[in-house]
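Heads up, input.txt below (compact mmCIF, C-alpha atoms):
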```txt
# COMPACT_ATOMS: atom_id res chain seq x y z
CA MET A 1 100.44 91.23 97.00
CA VAL A 2 99.60 92.79 100.36
CA SER A 3 102.41 94.86 101.87
CA ILE A 4 102.14 95.00 105.66
CA LEU A 5 103.97 97.90 107.30
CA HIS A 6 105.33 97.35 110.79
CA PHE A 7 107.55 99.22 113.21
CA LEU A 8 109.30 98.78 116.52
CA GLY A 9 106.41 98.02 118.86
CA THR A 10 103.95 96.77 116.22
CA ASN A 11 102.34 93.53 117.40
CA CYS A 12 99.58 92.67 114.93
CA GLN A 13 101.54 92.28 111.71
CA TYR A 14 101.58 88.48 111.87
CA ASP A 15 97.84 88.33 112.56
CA VAL A 16 97.22 90.33 109.38
CA ALA A 17 99.72 88.23 107.43
CA ASN A 18 98.13 84.99 108.62
CA VAL A 19 94.69 86.16 107.51
CA TYR A 20 95.82 86.93 103.98
CA THR A 21 97.87 83.74 103.81
CA SER A 22 94.74 81.78 104.78
CA PHE A 23 92.94 83.51 101.88
CA GLY A 24 95.70 82.42 99.51
CA ILE A 25 96.79 86.03 98.96
CA PRO A 26 100.55 86.69 98.86
CA ASN A 27 101.84 89.13 101.43
CA THR A 28 105.08 90.51 102.77
CA LEU A 29 106.23 92.52 105.80
CA ILE A 30 107.68 95.99 105.21
CA TRP A 31 110.14 97.28 107.81
CA HIS A 32 110.21 100.98 108.72
CA THR A 33 113.55 101.54 106.94
CA GLU A 34 112.22 100.54 103.50
CA LYS A 35 112.13 103.45 101.05
CA ALA A 36 109.72 101.91 98.56
CA LEU A 37 106.88 99.42 98.51
CA PRO A 38 107.18 96.35 96.26
CA SER A 39 105.95 97.03 92.74
CA GLU A 40 103.51 94.11 93.07
CA THR A 41 101.66 95.79 95.96
CA LYS A 42 97.88 95.87 95.44
CA LEU A 43 97.07 96.75 99.05
CA ALA A 44 99.16 98.20 101.87
CA VAL A 45 98.14 97.58 105.48
CA ILE A 46 99.54 99.35 108.54
CA ALA A 47 99.13 96.84 111.32
CA GLY A 48 98.11 97.65 114.87
CA GLY A 49 100.21 97.74 118.00
CA PHE A 50 102.25 100.33 119.86
CA SER A 51 104.74 101.74 117.35
CA TYR A 52 107.75 103.19 119.17
CA GLY A 53 105.99 102.60 122.47
CA ASP A 54 103.40 105.30 121.70
CA TYR A 55 105.97 107.89 122.73
CA LEU A 56 105.33 111.55 121.87
CA ARG A 57 101.90 110.73 120.44
CA CYS A 58 100.51 107.47 119.11
CA GLY A 59 101.80 107.10 115.56
CA ALA A 60 103.73 110.38 115.54
CA ILE A 61 107.20 108.84 115.28
CA ALA A 62 106.16 106.16 112.79
CA ALA A 63 104.63 108.88 110.61
CA GLN A 64 108.16 110.21 109.98
CA SER A 65 109.59 106.86 108.85
CA ASN A 66 110.92 105.97 105.42
CA SER A 67 108.18 103.38 104.90
CA VAL A 68 105.39 105.90 105.54
CA LYS A 69 107.01 108.35 103.15
CA ALA A 70 106.95 105.54 100.58
CA LEU A 71 103.33 104.89 101.51
CA LYS A 72 102.44 108.51 100.77
CA ARG A 73 103.86 108.16 97.26
CA TYR A 74 101.90 104.95 96.85
CA VAL A 75 98.70 106.73 97.92
CA ASP A 76 99.37 109.65 95.59
CA ASN A 77 99.49 107.14 92.73
CA GLY A 78 96.10 105.73 93.69
CA GLY A 79 97.29 102.85 95.86
CA ARG A 80 94.88 101.38 98.39
CA VAL A 81 95.73 101.48 102.10
CA LEU A 82 94.20 100.18 105.31
CA GLY A 83 95.29 101.38 108.75
CA ILE A 84 94.14 99.30 111.73
CA CYS A 85 94.16 100.81 115.23
CA ASN A 86 97.73 102.16 115.55
CA GLY A 87 97.75 102.14 111.76
CA PHE A 88 94.77 104.51 111.80
CA GLN A 89 96.66 106.73 114.24
CA ILE A 90 99.70 106.73 111.94
CA LEU A 91 97.56 107.68 108.93
CA CYS A 92 96.15 110.65 110.85
CA GLU A 93 99.54 111.72 112.19
CA SER A 94 100.98 111.63 108.68
CA LYS A 95 98.01 113.69 107.38
CA ILE A 96 97.01 110.97 104.96
CA LEU A 97 93.66 110.89 106.75
CA PRO A 98 91.99 113.88 108.45
CA GLY A 99 91.48 114.22 112.19
CA VAL A 100 93.34 112.95 115.20
CA LEU A 101 93.10 110.07 117.69
CA MET A 102 93.23 111.19 121.34
CA ARG A 103 93.17 109.48 124.73
CA ASN A 104 89.92 107.71 125.52
CA LYS A 105 87.53 109.93 127.45
CA ASP A 106 87.95 107.90 130.68
CA LEU A 107 91.74 107.65 130.18
CA LYS A 108 91.51 103.86 130.29
CA PHE A 109 92.54 101.13 127.89
CA ILE A 110 89.47 99.45 126.37
CA SER A 111 89.60 95.81 125.23
CA LYS A 112 86.26 94.23 124.28
CA ASP A 113 84.00 93.16 121.47
CA ALA A 114 82.40 96.30 120.06
CA THR A 115 79.13 96.48 118.18
CA LEU A 116 79.52 98.72 115.14
CA GLU A 117 77.03 100.23 112.73
CA VAL A 118 77.82 100.33 109.02
CA ILE A 119 77.29 103.92 107.84
CA SER A 120 78.49 103.93 104.23
CA THR A 121 78.88 101.10 101.73
CA ASP A 122 79.99 103.32 98.85
CA ASN A 123 83.57 102.12 99.20
CA ALA A 124 85.76 99.08 98.62
CA MET A 125 85.97 98.03 102.27
CA LEU A 126 82.26 97.78 103.01
CA THR A 127 80.75 97.16 99.59
CA HIS A 128 79.44 93.73 100.65
CA TYR A 129 77.84 95.04 103.83
CA VAL A 130 74.49 96.79 104.26
CA LYS A 131 73.85 100.29 105.61
CA LYS A 132 72.81 100.26 109.28
CA GLN A 133 74.00 96.65 109.56
CA LYS A 134 75.30 95.83 113.04
CA ILE A 135 78.57 93.92 113.19
CA ILE A 136 80.83 92.90 116.05
CA ILE A 137 84.58 93.58 115.82
CA PRO A 138 87.05 93.54 118.74
CA ILE A 139 88.67 96.79 119.90
CA ALA A 140 91.81 97.25 121.99
CA HIS A 141 93.04 100.81 122.44
CA ALA A 142 93.78 103.63 124.87
CA GLU A 143 93.81 106.36 122.20
CA GLY A 144 90.76 105.69 120.05
CA ASN A 145 88.96 108.98 120.67
CA TYR A 146 88.58 110.31 117.12
CA GLN A 147 88.26 114.09 116.88
CA ILE A 148 87.97 116.53 114.00
CA ASP A 149 86.79 120.14 113.78
CA LYS A 150 83.23 121.04 112.80
CA LYS A 151 84.08 121.89 109.18
CA GLY A 152 86.09 118.71 108.77
CA LEU A 153 83.25 116.62 110.20
CA GLU A 154 80.78 118.19 107.80
CA GLU A 155 83.10 117.37 104.90
CA LEU A 156 83.38 113.75 106.04
CA TYR A 157 79.61 113.38 105.88
CA GLU A 158 79.28 115.29 102.61
CA ASN A 159 81.71 112.90 100.93
CA ASN A 160 80.45 109.69 102.58
CA GLN A 161 83.77 109.27 104.37
CA VAL A 162 82.31 108.14 107.69
CA LEU A 163 82.30 104.35 107.39
CA LEU A 164 81.66 102.88 110.81
CA LYS A 165 80.28 104.08 114.13
CA TYR A 166 80.22 102.51 117.57
CA ASP A 167 76.73 101.43 118.52
CA GLU A 168 77.25 103.00 121.95
CA GLU A 169 79.48 105.67 123.44
CA LEU A 170 82.82 103.99 124.17
CA ASN A 171 85.79 106.32 123.99
CA GLY A 172 84.56 109.86 123.40
CA SER A 173 84.87 109.87 119.62
CA VAL A 174 82.93 112.64 117.92
CA ASP A 175 79.65 111.18 116.63
CA LYS A 176 80.89 107.76 117.88
CA ILE A 177 83.06 107.44 114.76
CA ALA A 178 85.04 104.19 114.55
CA GLY A 179 86.33 104.32 110.96
CA ILE A 180 86.71 106.70 108.02
CA CYS A 181 88.25 106.92 104.56
CA ASN A 182 89.80 109.72 102.52
CA ARG A 183 87.91 111.73 99.93
CA GLU A 184 89.23 109.56 97.09
CA LYS A 185 88.17 106.40 98.96
CA ASN A 186 91.47 104.60 98.55
CA VAL A 187 92.72 105.06 102.15
CA PHE A 188 90.83 103.51 105.05
CA GLY A 189 91.36 103.76 108.80
CA LEU A 190 89.51 102.15 111.69
CA MET A 191 90.19 101.51 115.36
CA PRO A 192 88.53 98.03 115.57
CA HIS A 193 90.60 94.98 114.57
CA PRO A 194 89.00 93.09 111.64
CA GLU A 195 91.91 90.63 111.61
CA ARG A 196 90.62 89.37 114.98
CA ALA A 197 87.17 88.57 113.58
CA ILE A 198 87.84 86.04 110.85
CA ASN A 199 87.30 82.65 112.48
CA TYR A 200 85.03 80.38 110.41
CA LYS A 201 84.79 77.57 112.94
CA LYS A 202 81.27 76.96 114.22
CA ILE A 203 81.47 76.06 117.89
CA SER A 204 79.05 77.76 120.28
CA LYS A 205 76.64 80.47 119.25
CA GLU A 206 75.39 80.69 122.82
CA THR A 207 78.78 81.82 124.12
CA ARG A 208 79.51 83.65 120.83
CA ASP A 209 82.89 81.92 120.73
CA ASN A 210 83.72 81.42 117.05
CA SER A 211 80.13 82.25 116.14
CA LYS A 212 79.09 83.93 112.90
CA ASP A 213 79.74 87.29 114.55
CA ASN A 214 83.41 86.40 114.65
CA VAL A 215 83.80 86.43 110.85
CA MET A 216 82.60 89.98 110.28
CA GLY A 217 86.10 91.29 109.73
CA ALA A 218 86.95 88.84 106.98
CA GLU A 219 84.84 90.49 104.30
CA MET A 220 86.52 93.87 104.85
CA LEU A 221 89.98 92.43 104.41
CA LYS A 222 89.00 90.40 101.34
CA THR A 223 87.17 93.06 99.39
CA LEU A 224 89.84 95.69 99.95
CA TYR A 225 92.18 93.44 98.01
CA CYS A 226 89.81 91.67 95.66
CA ASP A 227 88.15 94.83 94.38
CA THR A 228 91.34 95.50 92.45
CA LEU A 229 91.87 91.91 91.32
CA VAL A 230 89.79 88.93 90.30
CA CYS A 231 89.89 86.71 93.38
CA SER A 232 88.46 83.22 93.33
CA ASN A 233 88.41 80.35 95.79
CA LEU A 234 88.83 82.65 98.79
CA TYR A 235 85.69 81.49 100.55
```
Rewrite the coordinates I just gave you, this time as structure tokens.
Amino acid sequence: MVSILHFLGTNCQYDVANVYTSFGIPNTLIWHTEKALPSETKLAVIAGGFSYGDYLRCGAIAAQSNSVKALKRYVDNGGRVLGICNGFQILCESKILPGVLMRNKDLKFISKDATLEVISTDNAMLTHYVKKQKIIIPIAHAEGNYQIDKKGLEELYENNQVLLKYDEELNGSVDKIAGICNREKNVFGLMPHPERAINYKKISKETRDNSKDNVMGAEMLKTLYCDTLVCSNLY
């Protein structure tokens, strides 16, 4: 089962749920008041959006919720977690992942298809990708500027925790970082939205609408779950 955490202001929980439902993978929504995740949980996802209106700091209020406290216990027991966009911000605010997400360098909201470079495949999320592979995943954020101190950045590289980078400078992130994982490689956070790149319809490659580039998020979401279970008939 995939447990999908959502809060007041979250707006991507149903997109994530629909993706896993289309894969035939059971899933359930977890409200912020819940004090424990279901025992059947094989993957927990913090969906994107604007939890609590992004007041104080993006993800700061959600990080204090009962459901995130339960998530921390789940992580401590080896549970696998994915934070998408605001979910990434929540993971950083709760200190489950290192670093912080700040306002974009130009102080503007960015919504576009972003070309990403795969940096590390030594992890469950990107195991079916290839290093230096270029993939296109949509982004939509005002606070996607990932920052970490020099020592922390060195540690990320030493432990192969940098997963994805933007192919070009977009928001001011140090080293153009778009996604990371923790040292144990069971917690993943990224600003791009893989749940918005899962359409298998083949319409127009010239306009890129529903082209092969628009399925690049599907593999991430599948392998995060299927690495822990034997999954068949998902393709």
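Between CA of Met102 in chain A and CA of Ala197 in chain A the separation is 24.7 Å.
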Give me the residues within 7 Å of range 42-51 of chain A as a PyMOL selection string, counting all atoms listed in the file and dropping any in the same chain fewer than 2 places off.
chain A and resi 1-13+40+53-54+59+62+79-87+225
In terms of the shortest atom-to-atom distance over only C-alpha atoms, which of A:Cys92, A:Leu71, A:Val19, A:Leu56 is closest to Leu37 in chain A?
A:Leu71
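Proximity to Met216 in chain A was assessed for A:Asn171, A:Thr121, A:Asn160, A:Thr115 counting only C-alpha atoms; the smallest distance is recorded for A:Thr115.
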Write out as a compact mmCIF listing (two decimals) with C-alpha atoms, in the frame of the given file each polymer residue whose atoms come within 10 Å of Asp76 in chain A, counting all atoms listed in the file; drop sequence neighbours fewer than 5 positions from it.
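out_8.txt written:
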```
# COMPACT_ATOMS: atom_id res chain seq x y z
CA ALA A 70 106.95 105.54 100.58
CA LEU A 71 103.33 104.89 101.51
CA ILE A 96 97.01 110.97 104.96
CA ASN A 186 91.47 104.60 98.55
```
Residue contacts of Gly152 in chain A (12 Å, only C-alpha atoms) excluding same-chain residues fewer than 4 positions away, as a ChimeraX atom specification:
/A:97-100,147-148,156-159,161-162,174,182-183
Resulting file, chosen residues, C-alpha atoms, as a short mmCIF file (atom, residue, chain, number, x, y, z; two decimals), in the frame of the given file:
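So selection23.cif came out as:
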```
data_model
loop_
_atom_site.label_atom_id
_atom_site.label_comp_id
_atom_site.auth_asym_id
_atom_site.auth_seq_id
_atom_site.Cartn_x
_atom_site.Cartn_y
_atom_site.Cartn_z
CA LEU A 97 93.66 110.89 106.75
CA PRO A 98 91.99 113.88 108.45
CA GLY A 99 91.48 114.22 112.19
CA VAL A 100 93.34 112.95 115.20
CA GLN A 147 88.26 114.09 116.88
CA ILE A 148 87.97 116.53 114.00
CA LEU A 156 83.38 113.75 106.04
CA TYR A 157 79.61 113.38 105.88
CA GLU A 158 79.28 115.29 102.61
CA ASN A 159 81.71 112.90 100.93
CA GLN A 161 83.77 109.27 104.37
CA VAL A 162 82.31 108.14 107.69
CA VAL A 174 82.93 112.64 117.92
CA ASN A 182 89.80 109.72 102.52
CA ARG A 183 87.91 111.73 99.93
#
```
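Coordinates place CA of Tyr146 in chain A at a distance of 21.2 Å from CA of Lys131 in chain A.
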Show which residues sit within 8 Å of Ala63 in chain A, as a list in words. Count all atoms listed in the file, and ignore same-chain residues fewer than 6 positions away.
Lys69, Ile90, Leu91, Glu93 and Ser94 of chain A
Name the closest residue to Glu195 in chain A among the candidates A:Leu107, A:Val75, A:Met220, A:Val68; distances are taken between atoms, counting only C-alpha atoms.
A:Met220
